[in-house]
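So this block is my_file_17.cif, mmCIF, C-alpha atoms:
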data_coords
loop_
_atom_site.group_PDB
_atom_site.id
_atom_site.type_symbol
_atom_site.label_atom_id
_atom_site.label_comp_id
_atom_site.auth_asym_id
_atom_site.auth_seq_id
_atom_site.Cartn_x
_atom_site.Cartn_y
_atom_site.Cartn_z
ATOM 1 C CA MET C 1 -10.257 -70.724 84.594
ATOM 2 C CA ALA C 2 -12.589 -71.695 81.740
ATOM 3 C CA VAL C 3 -11.536 -71.615 78.092
ATOM 4 C CA ARG C 4 -14.510 -71.706 75.767
ATOM 5 C CA ASN C 5 -15.041 -72.186 72.041
ATOM 6 C CA PRO C 6 -18.328 -70.427 71.087
ATOM 7 C CA PRO C 7 -20.978 -72.763 69.628
ATOM 8 C CA GLU C 8 -20.863 -71.221 66.148
ATOM 9 C CA PHE C 9 -17.247 -72.408 65.765
ATOM 10 C CA ARG C 10 -16.358 -75.996 64.944
ATOM 11 C CA THR C 11 -15.843 -78.565 67.723
ATOM 12 C CA LEU C 12 -12.191 -78.994 68.633
ATOM 13 C CA THR C 13 -10.649 -82.429 69.214
ATOM 14 C CA ASP C 14 -9.143 -83.548 72.525
ATOM 15 C CA GLU C 15 -5.667 -83.096 71.058
ATOM 16 C CA GLU C 16 -6.463 -79.530 69.964
ATOM 17 C CA TRP C 17 -7.880 -78.666 73.378
ATOM 18 C CA ALA C 18 -4.732 -80.103 75.001
ATOM 19 C CA ARG C 19 -2.611 -77.774 72.897
ATOM 20 C CA VAL C 20 -4.846 -74.826 73.772
ATOM 21 C CA ALA C 21 -4.511 -75.600 77.497
ATOM 22 C CA CYS C 22 -0.701 -75.874 77.320
ATOM 23 C CA GLU C 23 -0.430 -72.637 75.356
ATOM 24 C CA MET C 24 -2.738 -70.756 77.734
ATOM 25 C CA MET C 25 -0.650 -71.835 80.711
ATOM 26 C CA HIS C 26 2.503 -70.794 78.881
ATOM 27 C CA ALA C 27 1.025 -67.419 77.873
ATOM 28 C CA SER C 28 -0.309 -66.755 81.370
ATOM 29 C CA GLY C 29 3.100 -67.300 82.970
ATOM 30 C CA ILE C 30 1.800 -70.147 85.133
ATOM 31 C CA ALA C 31 3.835 -72.852 83.352
ATOM 32 C CA PRO C 32 6.158 -71.588 80.581
ATOM 33 C CA HIS C 33 7.117 -74.264 78.056
ATOM 34 C CA THR C 34 10.843 -74.306 78.836
ATOM 35 C CA ASP C 35 10.526 -73.830 82.612
ATOM 36 C CA ASP C 36 10.602 -77.105 84.557
ATOM 37 C CA GLN C 37 9.969 -75.188 87.797
ATOM 38 C CA GLY C 38 6.549 -73.901 86.707
ATOM 39 C CA CYS C 39 3.302 -74.290 88.641
ATOM 40 C CA ARG C 40 1.300 -77.517 88.577
ATOM 41 C CA TRP C 41 -1.962 -77.417 86.628
ATOM 42 C CA VAL C 42 -4.645 -79.701 85.195
ATOM 43 C CA ALA C 43 -7.188 -79.224 82.377
ATOM 44 C CA VAL C 44 -10.533 -81.050 82.261
ATOM 45 C CA ARG C 45 -12.832 -81.240 79.251
ATOM 46 C CA HIS C 46 -16.374 -82.211 80.192
ATOM 47 C CA ALA C 47 -18.242 -80.660 77.248
ATOM 48 C CA ASP C 48 -17.675 -80.198 73.534
ATOM 49 C CA ASP C 49 -17.202 -76.444 73.666
ATOM 50 C CA HIS C 50 -14.940 -75.735 76.646
ATOM 51 C CA ILE C 51 -12.348 -76.884 79.163
ATOM 52 C CA HIS C 52 -11.626 -75.938 82.765
ATOM 53 C CA ILE C 53 -8.072 -75.344 83.945
ATOM 54 C CA VAL C 54 -7.091 -75.420 87.621
ATOM 55 C CA ALA C 55 -3.579 -74.303 88.577
ATOM 56 C CA THR C 56 -1.619 -73.587 91.709
ATOM 57 C CA ARG C 57 0.284 -70.330 92.112
ATOM 58 C CA ALA C 58 3.262 -71.957 93.821
ATOM 59 C CA ARG C 59 6.238 -72.731 91.623
ATOM 60 C CA GLU C 60 8.553 -75.668 92.358
ATOM 61 C CA ASP C 61 11.287 -73.198 93.368
ATOM 62 C CA ASP C 62 8.895 -71.429 95.807
ATOM 63 C CA ARG C 63 8.794 -68.239 93.737
ATOM 64 C CA GLN C 64 5.607 -66.564 92.522
ATOM 65 C CA PRO C 65 4.799 -66.957 88.795
ATOM 66 C CA ASP C 66 5.096 -63.882 86.590
ATOM 67 C CA THR C 67 1.535 -63.309 85.377
ATOM 68 C CA SER C 68 1.968 -59.677 84.310
ATOM 69 C CA TRP C 69 0.299 -58.901 80.956
ATOM 70 C CA SER C 70 -1.116 -62.430 80.977
ATOM 71 C CA LYS C 71 -4.449 -61.433 79.407
ATOM 72 C CA LEU C 72 -2.760 -59.758 76.463
ATOM 73 C CA ARG C 73 -0.494 -62.761 75.905
ATOM 74 C CA MET C 74 -3.467 -65.141 76.053
ATOM 75 C CA GLN C 75 -5.300 -62.983 73.518
ATOM 76 C CA GLU C 76 -2.310 -63.261 71.195
ATOM 77 C CA ALA C 77 -2.316 -67.039 71.623
ATOM 78 C CA ALA C 78 -6.040 -67.110 70.808
ATOM 79 C CA ARG C 79 -5.429 -65.203 67.574
ATOM 80 C CA ARG C 80 -2.817 -67.775 66.512
ATOM 81 C CA PHE C 81 -5.185 -70.670 67.208
ATOM 82 C CA GLU C 82 -7.939 -68.989 65.187
ATOM 83 C CA ILE C 83 -5.647 -69.042 62.161
ATOM 84 C CA GLU C 84 -4.342 -72.565 62.738
ATOM 85 C CA PHE C 85 -7.737 -74.158 63.452
ATOM 86 C CA GLY C 86 -9.592 -72.264 60.726
ATOM 87 C CA LEU C 87 -11.905 -70.393 63.112
ATOM 88 C CA ARG C 88 -13.475 -66.959 62.669
ATOM 89 C CA ARG C 89 -10.624 -64.497 63.036
ATOM 90 C CA LEU C 90 -10.792 -61.398 65.210
ATOM 91 C CA THR C 91 -8.411 -58.488 64.885
ATOM 92 C CA HIS C 92 -5.298 -58.446 67.058
ATOM 93 C CA ALA C 93 -6.235 -57.600 70.646
ATOM 94 C CA ASP C 94 -9.747 -56.916 69.370
ATOM 95 C CA GLY C 95 -11.280 -57.416 72.801
ATOM 96 C CA THR C 96 -14.783 -56.607 71.637
ATOM 97 C CA ALA C 97 -16.510 -59.864 72.423
ATOM 98 C CA ARG C 98 -20.057 -59.714 73.634
ATOM 99 C CA ARG C 99 -20.890 -61.272 76.969
ATOM 100 C CA TRP C 100 -21.388 -64.850 75.830
ATOM 101 C CA SER C 101 -24.418 -66.634 77.152
ATOM 102 C CA LYS C 102 -23.596 -69.352 79.630
ATOM 103 C CA THR C 103 -23.849 -72.976 78.571
ATOM 104 C CA GLY C 104 -27.059 -73.433 80.572
ATOM 105 C CA GLU C 105 -28.668 -70.485 78.782
ATOM 106 C CA ALA C 106 -27.782 -71.944 75.381
ATOM 107 C CA ASP C 107 -29.162 -75.330 76.451
ATOM 108 C CA LYS C 108 -32.391 -73.683 77.608
ATOM 109 C CA ALA C 109 -32.780 -71.946 74.237
ATOM 110 C CA THR C 110 -32.373 -75.298 72.493
ATOM 111 C CA ARG C 111 -34.987 -76.954 74.733
ATOM 112 C CA TRP C 112 -37.449 -74.125 74.171
ATOM 113 C CA GLY C 113 -36.834 -74.054 70.426
ATOM 114 C CA LEU C 114 -35.595 -70.449 70.532
ATOM 115 C CA SER C 115 -33.332 -69.063 67.807
ATOM 116 C CA GLU C 116 -31.057 -67.436 70.407
ATOM 117 C CA PRO C 117 -30.480 -67.469 74.181
ATOM 118 C CA VAL C 118 -32.683 -65.227 76.315
ATOM 119 C CA ARG C 119 -29.793 -62.917 77.242
ATOM 120 C CA GLU C 120 -29.138 -62.111 73.573
ATOM 121 C CA ALA C 121 -32.821 -61.444 72.888
ATOM 122 C CA LEU C 122 -32.880 -59.035 75.845
ATOM 123 C CA GLN C 123 -29.695 -57.300 74.596
ATOM 124 C CA ARG C 124 -31.317 -56.579 71.257
ATOM 125 C CA ALA C 125 -34.593 -55.397 72.808
ATOM 126 C CA ALA C 126 -32.765 -53.012 75.160
ATOM 127 C CA ARG C 127 -30.698 -51.531 72.308
ATOM 128 C CA GLU C 128 -33.753 -51.029 70.125
ATOM 129 C CA ALA C 129 -35.663 -49.327 72.961
ATOM 130 C CA ALA C 130 -32.682 -47.081 73.767
ATOM 131 C CA ALA C 131 -32.227 -46.070 70.131
ATOM 132 C CA ALA C 132 -35.808 -44.794 69.854
ATOM 133 C CA ALA C 133 -36.362 -43.423 73.403
ATOM 134 C CA LEU C 134 -36.371 -39.740 74.353
ATOM 135 C CA ASN C 135 -35.939 -40.077 78.127
ATOM 136 C CA ASP C 136 -36.015 -42.570 81.008
ATOM 137 C CA ALA C 137 -39.784 -42.917 81.056
ATOM 138 C CA ASP C 138 -39.933 -43.456 77.303
ATOM 139 C CA PHE C 139 -37.156 -46.070 77.502
ATOM 140 C CA PHE C 140 -38.894 -48.124 80.187
ATOM 141 C CA ALA C 141 -42.239 -47.784 78.407
ATOM 142 C CA ARG C 142 -40.714 -49.120 75.180
ATOM 143 C CA LEU C 143 -39.197 -52.092 77.016
ATOM 144 C CA ALA C 144 -42.585 -52.931 78.486
ATOM 145 C CA ALA C 145 -44.323 -52.400 75.151
ATOM 146 C CA GLY C 146 -41.863 -54.875 73.647
ATOM 147 C CA GLY C 147 -43.300 -57.547 75.936
ATOM 148 C CA LEU C 148 -40.523 -57.586 78.558
ATOM 149 C CA ARG C 149 -40.878 -57.615 82.328
ATOM 150 C CA VAL C 150 -39.154 -54.504 83.685
ATOM 151 C CA LYS C 151 -37.929 -53.646 87.187
ATOM 152 C CA GLN C 152 -36.399 -50.289 88.059
ATOM 153 C CA ARG C 153 -33.777 -49.935 90.799
ATOM 154 C CA ILE C 154 -34.784 -46.984 92.991
ATOM 155 C CA ALA C 155 -32.319 -45.211 95.296
ATOM 156 C CA PRO C 156 -33.366 -43.936 98.761
ATOM 157 C CA ASP C 157 -33.720 -40.428 97.319
ATOM 158 C CA GLY C 158 -36.202 -41.718 94.749
ATOM 159 C CA SER C 159 -33.909 -41.526 91.720
ATOM 160 C CA VAL C 160 -33.679 -44.418 89.252
ATOM 161 C CA THR C 161 -30.176 -45.898 89.276
ATOM 162 C CA GLY C 162 -30.641 -48.992 87.125
ATOM 163 C CA TYR C 163 -33.016 -51.562 85.733
ATOM 164 C CA SER C 164 -33.492 -55.275 85.088
ATOM 165 C CA VAL C 165 -35.473 -57.064 82.384
ATOM 166 C CA ALA C 166 -36.873 -60.566 81.986
ATOM 167 C CA LEU C 167 -38.449 -62.459 79.137
ATOM 168 C CA PRO C 168 -42.030 -63.595 79.907
ATOM 169 C CA GLY C 169 -42.052 -67.312 80.642
ATOM 170 C CA ASP C 170 -38.360 -67.436 81.581
ATOM 171 C CA ARG C 171 -38.399 -68.710 85.167
ATOM 172 C CA ASP C 172 -35.944 -70.370 87.536
ATOM 173 C CA SER C 173 -36.447 -73.643 89.423
ATOM 174 C CA GLY C 174 -38.528 -71.775 91.994
ATOM 175 C CA GLN C 175 -40.833 -70.430 89.264
ATOM 176 C CA LYS C 176 -39.561 -66.876 89.742
ATOM 177 C CA PRO C 177 -38.865 -64.669 86.683
ATOM 178 C CA VAL C 178 -35.181 -64.602 85.665
ATOM 179 C CA PHE C 179 -34.182 -60.936 85.561
ATOM 180 C CA PHE C 180 -31.003 -59.652 83.883
ATOM 181 C CA PRO C 181 -29.624 -56.257 85.018
ATOM 182 C CA GLY C 182 -28.847 -53.925 82.142
ATOM 183 C CA THR C 183 -25.153 -53.985 83.107
ATOM 184 C CA LYS C 184 -25.123 -57.796 82.712
ATOM 185 C CA LEU C 185 -26.541 -57.748 79.192
ATOM 186 C CA ALA C 186 -23.626 -55.831 77.645
ATOM 187 C CA PRO C 187 -21.776 -52.559 78.382
ATOM 188 C CA ASP C 188 -24.012 -50.312 76.272
ATOM 189 C CA PRO C 189 -27.505 -51.246 77.638
ATOM 190 C CA SER C 190 -26.562 -50.136 81.172
ATOM 191 C CA LEU C 191 -28.704 -47.200 82.289
ATOM 192 C CA PRO C 192 -25.831 -44.635 82.452
ATOM 193 C CA ARG C 193 -24.810 -45.523 78.877
ATOM 194 C CA VAL C 194 -28.417 -45.487 77.678
ATOM 195 C CA ARG C 195 -28.893 -42.024 79.194
ATOM 196 C CA GLU C 196 -26.023 -40.656 77.091
ATOM 197 C CA ARG C 197 -28.433 -40.690 74.151
ATOM 198 C CA TRP C 198 -30.662 -37.991 75.597
ATOM 199 C CA SER C 199 -28.179 -36.085 77.766
ATOM 200 C CA GLY C 200 -27.633 -33.485 75.026
ATOM 201 C CA PRO C 201 -30.083 -30.876 73.705
ATOM 202 C CA PRO C 202 -33.673 -32.109 74.189
ATOM 203 C CA VAL C 203 -35.507 -33.515 71.208
ATOM 204 C CA ASN C 204 -39.135 -32.463 70.782
ATOM 205 C CA ALA C 205 -41.298 -35.426 71.734
ATOM 206 C CA VAL C 206 -43.501 -34.809 68.722
ATOM 207 C CA ALA C 207 -40.630 -34.483 66.265
ATOM 208 C CA THR C 208 -41.035 -36.425 63.082
ATOM 209 C CA ARG C 209 -38.883 -39.475 62.380
ATOM 210 C CA ALA C 210 -36.994 -37.435 59.769
ATOM 211 C CA ASP C 211 -36.191 -34.781 62.403
ATOM 212 C CA ALA C 212 -34.892 -37.443 64.806
ATOM 213 C CA TRP C 213 -32.697 -38.994 62.110
ATOM 214 C CA ARG C 214 -31.382 -35.559 61.089
ATOM 215 C CA THR C 215 -30.413 -34.855 64.712
ATOM 216 C CA ALA C 216 -28.591 -38.184 64.947
ATOM 217 C CA ALA C 217 -26.764 -37.542 61.668
ATOM 218 C CA GLU C 218 -25.584 -34.146 62.961
ATOM 219 C CA LYS C 219 -24.221 -35.817 66.105
ATOM 220 C CA VAL C 220 -22.325 -38.335 63.977
ATOM 221 C CA ARG C 221 -20.669 -35.562 61.969
ATOM 222 C CA ALA C 222 -19.730 -33.719 65.163
ATOM 223 C CA ALA C 223 -18.355 -36.933 66.665
ATOM 224 C CA ALA C 224 -16.077 -37.423 63.657
ATOM 225 C CA ASP C 225 -14.489 -34.009 64.308
ATOM 226 C CA GLN C 226 -14.008 -34.793 67.998
ATOM 227 C CA LEU C 227 -12.459 -38.166 67.340
ATOM 228 C CA GLY C 228 -9.984 -36.615 64.937
ATOM 229 C CA VAL C 229 -8.513 -34.287 67.558
ATOM 230 C CA GLY C 230 -9.239 -35.941 70.875
ATOM 231 C CA GLY C 231 -8.514 -39.637 70.453
ATOM 232 C CA LEU C 232 -10.749 -42.686 70.815
ATOM 233 C CA HIS C 233 -12.533 -41.813 74.058
ATOM 234 C CA GLU C 234 -13.496 -38.236 73.122
ATOM 235 C CA GLY C 235 -16.906 -38.331 71.511
ATOM 236 C CA ALA C 236 -17.404 -42.056 72.087
ATOM 237 C CA GLY C 237 -20.924 -41.374 73.379
ATOM 238 C CA ASP C 238 -21.813 -39.505 70.204
ATOM 239 C CA VAL C 239 -20.504 -42.319 68.017
ATOM 240 C CA ALA C 240 -23.397 -44.333 69.449
ATOM 241 C CA ALA C 241 -25.671 -42.081 67.394
ATOM 242 C CA LEU C 242 -24.615 -43.878 64.229
ATOM 243 C CA GLY C 243 -25.347 -47.173 65.939
ATOM 244 C CA ASP C 244 -28.783 -45.816 66.797
ATOM 245 C CA LEU C 245 -29.395 -45.019 63.139
ATOM 246 C CA ILE C 246 -28.575 -48.601 62.170
ATOM 247 C CA VAL C 247 -30.673 -50.072 65.004
ATOM 248 C CA THR C 248 -33.620 -47.848 64.099
ATOM 249 C CA ALA C 249 -33.284 -48.803 60.441
ATOM 250 C CA ALA C 250 -33.429 -52.468 61.477
ATOM 251 C CA VAL C 251 -36.618 -51.875 63.470
ATOM 252 C CA VAL C 252 -38.472 -50.161 60.599
ATOM 253 C CA SER C 253 -36.938 -52.104 57.691
ATOM 254 C CA PRO C 254 -38.974 -54.567 55.577
ATOM 255 C CA TYR C 255 -39.323 -58.024 57.053
ATOM 256 C CA LEU C 256 -37.136 -59.755 54.444
ATOM 257 C CA MET C 257 -34.095 -57.587 55.249
ATOM 258 C CA ARG C 258 -34.677 -57.061 58.983
ATOM 259 C CA SER C 259 -32.491 -59.920 60.202
ATOM 260 C CA GLN C 260 -29.540 -58.736 58.119
ATOM 261 C CA MET C 261 -29.957 -55.171 59.388
ATOM 262 C CA ARG C 262 -29.962 -56.482 62.959
ATOM 263 C CA LYS C 263 -26.716 -58.318 62.278
ATOM 264 C CA ALA C 264 -25.242 -55.084 60.924
ATOM 265 C CA ALA C 265 -26.342 -53.238 64.080
ATOM 266 C CA TYR C 266 -24.682 -55.860 66.273
ATOM 267 C CA GLU C 267 -21.398 -55.798 64.320
ATOM 268 C CA TYR C 268 -21.256 -51.987 64.430
ATOM 269 C CA GLU C 269 -21.860 -51.973 68.201
ATOM 270 C CA ARG C 270 -19.062 -54.507 68.681
ATOM 271 C CA ALA C 271 -16.641 -52.534 66.523
ATOM 272 C CA SER C 272 -17.384 -49.186 68.210
ATOM 273 C CA ARG C 273 -17.256 -50.405 71.814
ATOM 274 C CA ALA C 274 -14.908 -48.406 74.064
ATOM 275 C CA PRO C 275 -11.716 -50.282 75.076
ATOM 276 C CA SER C 276 -12.456 -49.870 78.785
ATOM 277 C CA ALA C 277 -15.547 -52.026 78.340
ATOM 278 C CA ARG C 278 -13.908 -54.721 76.247
ATOM 279 C CA GLN C 279 -13.322 -58.339 77.158
ATOM 280 C CA ILE C 280 -11.157 -61.140 75.878
ATOM 281 C CA ALA C 281 -12.602 -62.768 72.765
ATOM 282 C CA TRP C 282 -12.779 -66.447 71.702
ATOM 283 C CA VAL C 283 -10.610 -68.234 74.269
ATOM 284 C CA ARG C 284 -10.973 -66.239 77.421
ATOM 285 C CA PRO C 285 -10.312 -66.734 81.145
ATOM 286 C CA ARG C 286 -13.243 -66.424 83.496
#
When written as structure tokens, how does the structure in this file appear?
Amino acid sequence: MAVRNPPEFRTLTDEEWARVACEMMHASGIAPHTDDQGCRWVAVRHADDHIHIVATRAREDDRQPDTSWSKLRMQEAARRFEIEFGLRRLTHADGTARRWSKTGEADKATRWGLSEPVREALQRAAREAAAAALNDADFFARLAAGGLRVKQRIAPDGSVTGYSVALPGDRDSGQKPVFFPGTKLAPDPSLPRVRERWSGPPVNAVATRADAWRTAAEKVRAAADQLGVGGLHEGAGDVAALGDLIVTAAVVSPYLMRSQMRKAAYEYERASRAPSARQIAWVRPR
């Protein structure tokens, strides 16, 4: 299991990481603090931003450890550490973390002088293309027009079941383009989720921008009614319409405010993500 502190947070000391490791093992049920029969484990820190923990699943008394609800308990422990260590605080059991770029991806961005890892740049490009697209063909055309390499996954019957994108110039050790499937970028850029945007009544391809925004605003109002009577999951696809409005505003906004609008679009997407697609945030098992 890896426990990671994202790079925008401060660097923790060895003593702080030791406490994190002990608390994670306690919260997971592997080695509770007051249980001298718990499983054996070891934590290794070989980088500033994370540790690896290896544990057995055999207790000293030959019983199996109780790991039920371990993820929830580890989330709760993470929230406590955020307060104690002065880190950015997430809401209790927030679970809306993006898919963090791997350490190698962050290192590559630093070497190339990029402002963000490739995966995050592709996430944003896919969201912006989805927000403005009218159908599959339009979506893929917008990805390509944005300068990305695009591959479609074709089923035996000829239907498109998915896609992958790559940033030009991003190649592996064998000089082959590094493609990221839409499902690996984040939950919402997957093709089924992208298609939710045009699964309703068709929008005239020659509609003005005002007409498109008016349609999105109507979907937002309808979604609010659904959410009030049906719970979180009902209408979750329509709630994405508001996210599309923010993303579109970021695309067409003046240069000086564009970066802030993009941040707003990202924070809204994180806040509105369906629980079934959520992951543990800050300190998280892998």
At most 10 Å is the cut-off: for each residue in range 92-161 of chain C with any atom that close to an atom of range 185-198 of chain C, write down the nearest atom pair and the distance in Å rounded to one decimal, counting all atoms listed in the file, chain first then increasing number, as a tab-separated table.
residue	atom	partner	partner_atom	distance
C:Ala97	CA	C:Ala186	CA	9.7
C:Arg98	CA	C:Ala186	CA	6.6
C:Arg99	CA	C:Ala186	CA	6.1
C:Trp100	CA	C:Leu185	CA	9.4
C:Ser101	CA	C:Leu185	CA	9.4
C:Arg119	CA	C:Leu185	CA	6.4
C:Glu120	CA	C:Leu185	CA	7.6
C:Ala121	CA	C:Leu185	CA	9.6
C:Leu122	CA	C:Leu185	CA	7.3
C:Gln123	CA	C:Leu185	CA	5.6
C:Arg124	CA	C:Pro189	CA	9.1
C:Ala125	CA	C:Pro189	CA	9.5
C:Ala126	CA	C:Pro189	CA	6.1
C:Arg127	CA	C:Pro189	CA	6.2
C:Glu128	CA	C:Pro189	CA	9.8
C:Ala129	CA	C:Val194	CA	9.5
C:Ala130	CA	C:Val194	CA	6.0
C:Ala131	CA	C:Arg197	CA	7.7
C:Ala132	CA	C:Arg197	CA	9.5
C:Ala133	CA	C:Trp198	CA	8.2
C:Leu134	CA	C:Trp198	CA	6.1
C:Asn135	CA	C:Trp198	CA	6.2
C:Asp136	CA	C:Arg195	CA	7.4
C:Phe139	CA	C:Val194	CA	8.8
C:Val160	CA	C:Leu191	CA	9.0
C:Thr161	CA	C:Leu191	CA	7.3
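Of the listed residues C:Ile30, C:Ala250, C:Leu242, C:Met74, the one whose atoms come nearest to Glu269 in chain C is C:Leu242, with distances taken using all atoms listed in the file.
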Output check: residues returned by the PyMOL selection byres ((chain C and resi 262) around 9), as a tab-separated table (two decimals) with C-alpha atoms, in the frame of the given file:
chain	number	residue	atom	x	y	z
C	124	ARG	CA	-31.32	-56.58	71.26
C	246	ILE	CA	-28.58	-48.60	62.17
C	247	VAL	CA	-30.67	-50.07	65.00
C	249	ALA	CA	-33.28	-48.80	60.44
C	250	ALA	CA	-33.43	-52.47	61.48
C	251	VAL	CA	-36.62	-51.88	63.47
C	257	MET	CA	-34.10	-57.59	55.25
C	258	ARG	CA	-34.68	-57.06	58.98
C	259	SER	CA	-32.49	-59.92	60.20
C	260	GLN	CA	-29.54	-58.74	58.12
C	261	MET	CA	-29.96	-55.17	59.39
C	263	LYS	CA	-26.72	-58.32	62.28
C	264	ALA	CA	-25.24	-55.08	60.92
C	265	ALA	CA	-26.34	-53.24	64.08
C	266	TYR	CA	-24.68	-55.86	66.27
C	267	GLU	CA	-21.40	-55.80	64.32
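Of the listed residues C:Glu23, C:Glu82, C:Asp14, C:Asp157, the one whose atoms come nearest to Ala47 in chain C is C:Asp14, with distances taken using only C-alpha atoms.
Residues selected in this file by the PyMOL selection byres ((chain C and resi 170) around 12) comprise Glu105, Lys108, Ala109, Trp112, Leu114, Pro117, Val118, Arg119, Ala121, Leu122, Leu148, Arg149, Val165, Ala166, Leu167, Pro168, Gly169, Arg171, Asp172, Ser173, Gly174, Gln175, Lys176, Pro177, Val178, Phe179 and Phe180 of chain C.
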Keeping only C-alpha atoms, write the selected residues to a file as a PDB file, in the frame of the given file.
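The result, written out as again_10.pdb:
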ATOM      1  CA  GLU C 105     -28.668 -70.485  78.782  1.00  0.00           C
ATOM      2  CA  LYS C 108     -32.391 -73.683  77.608  1.00  0.00           C
ATOM      3  CA  ALA C 109     -32.780 -71.946  74.237  1.00  0.00           C
ATOM      4  CA  TRP C 112     -37.449 -74.125  74.171  1.00  0.00           C
ATOM      5  CA  LEU C 114     -35.595 -70.449  70.532  1.00  0.00           C
ATOM      6  CA  PRO C 117     -30.480 -67.469  74.181  1.00  0.00           C
ATOM      7  CA  VAL C 118     -32.683 -65.227  76.315  1.00  0.00           C
ATOM      8  CA  ARG C 119     -29.793 -62.917  77.242  1.00  0.00           C
ATOM      9  CA  ALA C 121     -32.821 -61.444  72.888  1.00  0.00           C
ATOM     10  CA  LEU C 122     -32.880 -59.035  75.845  1.00  0.00           C
ATOM     11  CA  LEU C 148     -40.523 -57.586  78.558  1.00  0.00           C
ATOM     12  CA  ARG C 149     -40.878 -57.615  82.328  1.00  0.00           C
ATOM     13  CA  VAL C 165     -35.473 -57.064  82.384  1.00  0.00           C
ATOM     14  CA  ALA C 166     -36.873 -60.566  81.986  1.00  0.00           C
ATOM     15  CA  LEU C 167     -38.449 -62.459  79.137  1.00  0.00           C
ATOM     16  CA  PRO C 168     -42.030 -63.595  79.907  1.00  0.00           C
ATOM     17  CA  GLY C 169     -42.052 -67.312  80.642  1.00  0.00           C
ATOM     18  CA  ARG C 171     -38.399 -68.710  85.167  1.00  0.00           C
ATOM     19  CA  ASP C 172     -35.944 -70.370  87.536  1.00  0.00           C
ATOM     20  CA  SER C 173     -36.447 -73.643  89.423  1.00  0.00           C
ATOM     21  CA  GLY C 174     -38.528 -71.775  91.994  1.00  0.00           C
ATOM     22  CA  GLN C 175     -40.833 -70.430  89.264  1.00  0.00           C
ATOM     23  CA  LYS C 176     -39.561 -66.876  89.742  1.00  0.00           C
ATOM     24  CA  PRO C 177     -38.865 -64.669  86.683  1.00  0.00           C
ATOM     25  CA  VAL C 178     -35.181 -64.602  85.665  1.00  0.00           C
ATOM     26  CA  PHE C 179     -34.182 -60.936  85.561  1.00  0.00           C
ATOM     27  CA  PHE C 180     -31.003 -59.652  83.883  1.00  0.00           C
TER      28      PHE C 180
END
